[in-house]
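One structure below.
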Amino acid sequence: MTAADPTPTDPKPADLPWSTPFYRLSEDARFRFASLGLTLDERRLLHAMIFVGERIEETIRVPHDHCLFGYEETCVLLRRLMGLGTVRDNARLGAAAEGLGQLGLLEEAAFREGGQVLSWSFVHPLWKELQARDRYGRFDIRDLRRQRSRRLIALAEEVGLVLARERPRLELCPEMEPGAQRGRRSPGQATWGRQGPQTLAALQRIAAAKGIALIAVVEGLARASGLVLRIAAPHTRWQPAAFAAGARRARAVHLVTPEGQRRLAPADAPAAAQALLARLQRPQESHPPAFSPEATRLLLGAPHRAGPARPERQGRSFSR
């Protein structure tokens with residue numbers, strides 16, 4: 001992160017003028033923009049726009065199959081959602097909106113009311129994909145300000161899309177740069193040896209934010225490696241053998257929890273998986289002394305601090 005990118009403050013519900021911080025992102029919508037090479041600001045702004053659009057549609061009770069011409073929100077709030085709360089001008093916001101338009105994701109975007117408000121409309125194919133009621137993940141807009149790299153936000157999207165499943169699993173290329181296509185490598189692409197530490201650090205931050213654990217199995221040869229991720233949480237239904245599958249033949253195995261990540265000897269992975277799953281599947285209503293502080297944090301994650309109740313924001317839409 002550069003000096004020009006201010007460190008986001010810890011997100012709090014009190015920062016938001018809506019009753020919920022959650023929003024949907026469908027697999028089809030994510031597929032549309034995943035390979036476009038969005039900058040960090042563009043990706044953050046797109047998530048903020050998706051969140052605001054969903055809140056507006058819920059506020060005015062728009063049928064899910066009815067397309068609004070567009071949306072608008074104050075620039076101050078959009079910058080705050082993007083993690084740019086200390087920035088006092090719209091230069092980065094405007095550049096991100098322009099970039100999204102050039103990449104074919106926005107039909108139009110313009111500042112209004114003397115630069116106090118940004119209005120926009122999604123291209124219709126993207127808008128339609130955002131309305132999907134199947135194959136989607138639920139995301140928390142408060143997490144967006146913590147995602148300070150393209151790698152981190154791309155991984156968070158991948159994890160979020162599968163997290164609700166009973167056995168969440170991902171197959172990724174090791175560099176996890178936005179635009180990387182699974183199964184394809186180009187000259188000069190970094191191998192796991194170079195990109196692994198950054199990817200594991202990003203996964204650990206996601207684990208800490210979500211209160212989940214992951215086992216990362218690095219497969220294949222040094223120059224043609226892939227990454228298999230399996231995610232464990234209190235709601236998942238993994239068996240230990242399936243959770244650690246392939247570990248004995250892997251190049252490397254890493255266990256990632258909210259407290260950190262460590263490399264496992266492949267032979268030790270099945271036992272580590274069994275111990276982890278036993279902790280996660282222990283009934284949460286057990287007497288508190290049954291849990292160590294580490295197990296409690298793993299089960300419950302790091303909860304967002306509650307703030308005072310605020311009235312629901314009445315979102316605005318606009319028409320051409």
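Identifiers for the structure tokens are assigned positionally: chains receive A, B, ... in sequence, residues are indexed from 1 per chain, and ligands are indexed from 1 in the order shown.
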
- Among stretch 32-215 of chain A, which residues carry a DSSP assignment of helix (DSSP H, G or I), reported as JSON, numbers by chain? {"A": [32, 33, 34, 40, 41, 42, 43, 44, 45, 46, 47, 48, 49, 50, 51, 52, 53, 54, 55, 56, 57, 58, 59, 75, 76, 77, 78, 79, 80, 81, 91, 92, 93, 94, 95, 96, 97, 98, 99, 100, 101, 102, 124, 125, 126, 127, 128, 129, 130, 141, 142, 143, 144, 145, 146, 150, 151, 152, 153, 154, 155, 156, 157, 158, 159, 160, 161, 162, 192, 193, 194, 195, 196, 197, 198, 199, 200, 201, 202, 203, 204, 205, 206, 207, 208, 209, 210]}

How about saving the chosen residues, C-alpha atoms kept, as a PDB file, in the first residue's frame?
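Generated file (out-v5.pdb):
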```pdb
ATOM      1  CA  ARG A  32     -17.866 -10.969 -16.112  1.00  0.00           C
ATOM      2  CA  PHE A  33     -15.360  -8.657 -14.415  1.00  0.00           C
ATOM      3  CA  ALA A  34     -12.834 -11.112 -12.909  1.00  0.00           C
ATOM      4  CA  LEU A  40      -7.976  -1.922  -6.654  1.00  0.00           C
ATOM      5  CA  ASP A  41      -9.991   1.322  -6.694  1.00  0.00           C
ATOM      6  CA  GLU A  42     -12.135   0.101  -9.606  1.00  0.00           C
ATOM      7  CA  ARG A  43     -12.858  -3.189  -7.882  1.00  0.00           C
ATOM      8  CA  ARG A  44     -13.697  -1.513  -4.591  1.00  0.00           C
ATOM      9  CA  LEU A  45     -15.979   0.997  -6.301  1.00  0.00           C
ATOM     10  CA  LEU A  46     -17.773  -1.758  -8.209  1.00  0.00           C
ATOM     11  CA  HIS A  47     -18.502  -3.596  -4.946  1.00  0.00           C
ATOM     12  CA  ALA A  48     -19.686  -0.342  -3.353  1.00  0.00           C
ATOM     13  CA  MET A  49     -21.993   0.319  -6.316  1.00  0.00           C
ATOM     14  CA  ILE A  50     -23.416  -3.212  -6.147  1.00  0.00           C
ATOM     15  CA  PHE A  51     -24.069  -2.814  -2.420  1.00  0.00           C
ATOM     16  CA  VAL A  52     -25.725   0.609  -2.789  1.00  0.00           C
ATOM     17  CA  GLY A  53     -27.800  -0.579  -5.745  1.00  0.00           C
ATOM     18  CA  GLU A  54     -29.156  -3.504  -3.749  1.00  0.00           C
ATOM     19  CA  ARG A  55     -30.031  -1.272  -0.795  1.00  0.00           C
ATOM     20  CA  ILE A  56     -31.843   1.202  -3.073  1.00  0.00           C
ATOM     21  CA  GLU A  57     -33.840  -1.543  -4.777  1.00  0.00           C
ATOM     22  CA  GLU A  58     -34.878  -2.977  -1.402  1.00  0.00           C
ATOM     23  CA  THR A  59     -35.800   0.450  -0.005  1.00  0.00           C
ATOM     24  CA  CYS A  75     -19.381  10.759  -2.965  1.00  0.00           C
ATOM     25  CA  VAL A  76     -18.455  10.950   0.720  1.00  0.00           C
ATOM     26  CA  LEU A  77     -20.210   7.684   1.464  1.00  0.00           C
ATOM     27  CA  LEU A  78     -18.855   5.924  -1.629  1.00  0.00           C
ATOM     28  CA  ARG A  79     -15.314   6.940  -0.701  1.00  0.00           C
ATOM     29  CA  ARG A  80     -15.898   5.680   2.835  1.00  0.00           C
ATOM     30  CA  LEU A  81     -17.116   2.315   1.543  1.00  0.00           C
ATOM     31  CA  ALA A  91     -10.060  12.308  -8.183  1.00  0.00           C
ATOM     32  CA  ARG A  92      -9.673   8.604  -7.391  1.00  0.00           C
ATOM     33  CA  LEU A  93     -13.420   8.044  -7.286  1.00  0.00           C
ATOM     34  CA  GLY A  94     -13.840   9.639 -10.706  1.00  0.00           C
ATOM     35  CA  ALA A  95     -10.909   7.717 -12.197  1.00  0.00           C
ATOM     36  CA  ALA A  96     -12.359   4.441 -10.924  1.00  0.00           C
ATOM     37  CA  ALA A  97     -15.819   5.223 -12.330  1.00  0.00           C
ATOM     38  CA  GLU A  98     -14.310   6.191 -15.683  1.00  0.00           C
ATOM     39  CA  GLY A  99     -12.322   2.958 -15.740  1.00  0.00           C
ATOM     40  CA  LEU A 100     -15.427   0.866 -15.062  1.00  0.00           C
ATOM     41  CA  GLY A 101     -17.166   2.616 -17.936  1.00  0.00           C
ATOM     42  CA  GLN A 102     -14.270   2.028 -20.336  1.00  0.00           C
ATOM     43  CA  HIS A 124     -27.935  -4.330 -18.704  1.00  0.00           C
ATOM     44  CA  PRO A 125     -26.179  -7.734 -18.933  1.00  0.00           C
ATOM     45  CA  LEU A 126     -24.296  -7.039 -15.683  1.00  0.00           C
ATOM     46  CA  TRP A 127     -27.431  -5.707 -13.989  1.00  0.00           C
ATOM     47  CA  LYS A 128     -29.295  -8.875 -14.938  1.00  0.00           C
ATOM     48  CA  GLU A 129     -26.503 -11.082 -13.581  1.00  0.00           C
ATOM     49  CA  LEU A 130     -26.541  -9.156 -10.307  1.00  0.00           C
ATOM     50  CA  ILE A 141     -19.465  -4.302   2.761  1.00  0.00           C
ATOM     51  CA  ARG A 142     -17.532  -3.531   5.965  1.00  0.00           C
ATOM     52  CA  ASP A 143     -14.847  -5.984   4.853  1.00  0.00           C
ATOM     53  CA  LEU A 144     -14.152  -3.996   1.679  1.00  0.00           C
ATOM     54  CA  ARG A 145     -12.053  -1.372   3.455  1.00  0.00           C
ATOM     55  CA  ARG A 146      -9.772  -4.086   4.835  1.00  0.00           C
ATOM     56  CA  ARG A 150      -5.981  -6.787  -5.730  1.00  0.00           C
ATOM     57  CA  ARG A 151      -4.883 -10.247  -4.614  1.00  0.00           C
ATOM     58  CA  LEU A 152      -6.792  -9.982  -1.336  1.00  0.00           C
ATOM     59  CA  ILE A 153     -10.037  -8.744  -2.846  1.00  0.00           C
ATOM     60  CA  ALA A 154      -9.913 -11.383  -5.619  1.00  0.00           C
ATOM     61  CA  LEU A 155      -9.389 -14.165  -3.078  1.00  0.00           C
ATOM     62  CA  ALA A 156     -12.166 -12.782  -0.868  1.00  0.00           C
ATOM     63  CA  GLU A 157     -14.531 -12.942  -3.862  1.00  0.00           C
ATOM     64  CA  GLU A 158     -13.567 -16.553  -4.573  1.00  0.00           C
ATOM     65  CA  VAL A 159     -14.018 -17.595  -0.943  1.00  0.00           C
ATOM     66  CA  GLY A 160     -17.277 -15.682  -0.521  1.00  0.00           C
ATOM     67  CA  LEU A 161     -18.900 -17.366  -3.509  1.00  0.00           C
ATOM     68  CA  VAL A 162     -18.461 -20.864  -2.041  1.00  0.00           C
ATOM     69  CA  TRP A 192       4.042 -20.749  -6.021  1.00  0.00           C
ATOM     70  CA  GLY A 193       7.509 -20.288  -4.557  1.00  0.00           C
ATOM     71  CA  ARG A 194       7.320 -16.536  -5.223  1.00  0.00           C
ATOM     72  CA  GLN A 195       3.602 -15.879  -4.858  1.00  0.00           C
ATOM     73  CA  GLY A 196       2.805 -18.372  -2.097  1.00  0.00           C
ATOM     74  CA  PRO A 197       3.684 -16.191   0.912  1.00  0.00           C
ATOM     75  CA  GLN A 198       1.534 -13.306  -0.363  1.00  0.00           C
ATOM     76  CA  THR A 199      -1.379 -15.617  -1.125  1.00  0.00           C
ATOM     77  CA  LEU A 200      -1.171 -17.266   2.309  1.00  0.00           C
ATOM     78  CA  ALA A 201      -1.020 -13.871   4.018  1.00  0.00           C
ATOM     79  CA  ALA A 202      -4.154 -12.814   2.120  1.00  0.00           C
ATOM     80  CA  LEU A 203      -5.933 -16.043   3.070  1.00  0.00           C
ATOM     81  CA  GLN A 204      -5.040 -15.519   6.720  1.00  0.00           C
ATOM     82  CA  ARG A 205      -6.624 -12.054   6.675  1.00  0.00           C
ATOM     83  CA  ILE A 206      -9.781 -13.539   5.140  1.00  0.00           C
ATOM     84  CA  ALA A 207      -9.820 -16.276   7.788  1.00  0.00           C
ATOM     85  CA  ALA A 208      -9.512 -13.657  10.534  1.00  0.00           C
ATOM     86  CA  ALA A 209     -12.335 -11.541   9.062  1.00  0.00           C
ATOM     87  CA  LYS A 210     -14.693 -14.487   8.543  1.00  0.00           C
TER      88      LYS A 210
END
```

- Message: Can you pull out the residues contacting A:Asp140? Cut-off 7 Å, using only C-alpha atoms, and skip same-chain residues under 6 positions away; I want them as an NGL selection string.
- Response: :A and (21-23)

Could you save those same residues with N, CA and C atoms as a PDB file, in the first residue's frame?
```pdb
ATOM      1  N   PRO A  21     -25.331  -4.658   6.430  1.00  0.00           N
ATOM      2  CA  PRO A  21     -24.119  -4.451   5.642  1.00  0.00           C
ATOM      3  C   PRO A  21     -23.923  -5.508   4.562  1.00  0.00           C
ATOM      4  N   PHE A  22     -24.903  -6.408   4.389  1.00  0.00           N
ATOM      5  CA  PHE A  22     -24.697  -7.555   3.503  1.00  0.00           C
ATOM      6  C   PHE A  22     -25.274  -7.303   2.110  1.00  0.00           C
ATOM      7  N   TYR A  23     -24.666  -7.942   1.127  1.00  0.00           N
ATOM      8  CA  TYR A  23     -25.129  -7.841  -0.252  1.00  0.00           C
ATOM      9  C   TYR A  23     -24.727  -9.098  -1.002  1.00  0.00           C
TER      10      TYR A  23
END
```

- Item | Proximity to A:Gly246 - best of A:Val217, A:Ala110, A:Val123, A:Leu280, only C-alpha atoms |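 Closest to A:Gly246 of all the choices is A:Val217.
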
- Item | A:Ser149, A:Asp28, A:Gly37, A:Arg135 ranked by distance to A:Gly83, top pick (using only C-alpha atoms) | A:Ser149

- Restricting the calculation to only C-alpha atoms, which member of A:Glu259, A:Glu113, A:Glu171, A:Asp89 is positioned closest to A:Ala216?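 The closest residue to A:Ala216 is A:Glu171.
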
- Message: To one decimal place in Å, what is the distance between atom CA of A:Leu38 and atom CA of A:Arg230?
- Response: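 So the two atoms, atom CA of A:Leu38 and atom CA of A:Arg230, lie 26.5 Å apart.
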
- Could you give me, as a list in words, the residues within 9 Å of A:Ala250, counting only C-alpha atoms and dropping anything in the same chain fewer than 6 positions from it? Val217, Val218, Glu219, Gly220 and Pro266 of chain A

Can I get the selected residues back with C-alpha atoms, as a short mmCIF file (atom, residue, chain, number, x, y, z; two decimals), in the first residue's frame?
```cif
data_model
loop_
_atom_site.label_atom_id
_atom_site.label_comp_id
_atom_site.auth_asym_id
_atom_site.auth_seq_id
_atom_site.Cartn_x
_atom_site.Cartn_y
_atom_site.Cartn_z
CA VAL A 217 -2.83 -28.03 -0.69
CA VAL A 218 -0.20 -27.11 -3.29
CA GLU A 219 -0.27 -29.61 -6.13
CA GLY A 220 1.83 -30.28 -9.22
CA PRO A 266 2.08 -33.90 4.47
#
```

Which polymer residues have any atom within 10 Å of an atom of A:Leu214, counting only C-alpha atoms, with same-chain residues fewer than 4 positions away left out, as a short mmCIF file (atom, residue, chain, number, x, y, z; two decimals) with C-alpha atoms, in the first residue's frame?
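part-v3.cif was written with the following content:
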```cif
data_model
loop_
_atom_site.label_atom_id
_atom_site.label_comp_id
_atom_site.auth_asym_id
_atom_site.auth_seq_id
_atom_site.Cartn_x
_atom_site.Cartn_y
_atom_site.Cartn_z
CA PRO A 168 -16.55 -25.33 0.34
CA ARG A 169 -13.67 -26.05 -2.04
CA LEU A 203 -5.93 -16.04 3.07
CA GLN A 204 -5.04 -15.52 6.72
CA ILE A 206 -9.78 -13.54 5.14
CA ALA A 207 -9.82 -16.28 7.79
CA VAL A 228 -6.63 -26.54 -3.74
CA LEU A 229 -8.40 -24.78 -0.88
CA ARG A 230 -10.90 -26.42 1.45
CA ILE A 231 -12.71 -24.21 3.93
CA ALA A 232 -13.92 -25.24 7.37
CA ALA A 233 -16.45 -23.32 9.46
CA PHE A 243 -10.78 -32.20 4.15
CA HIS A 254 -0.60 -25.13 4.85
CA LEU A 255 -3.18 -24.71 7.60
CA VAL A 256 -4.66 -21.21 7.79
CA THR A 257 -6.70 -20.02 10.80
CA PRO A 258 -7.73 -16.61 12.16
CA GLN A 261 -0.88 -19.98 9.20
CA ALA A 273 -7.50 -31.78 9.91
CA LEU A 276 -9.43 -28.77 13.60
#
```

- Query: With distances taken over only C-alpha atoms, which of A:Glu107, A:Ser35, A:Thr74, A:Gln131 is nearest to A:Pro17?
  - Reply: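 Closest residue, counting only C-alpha atoms: A:Thr74.
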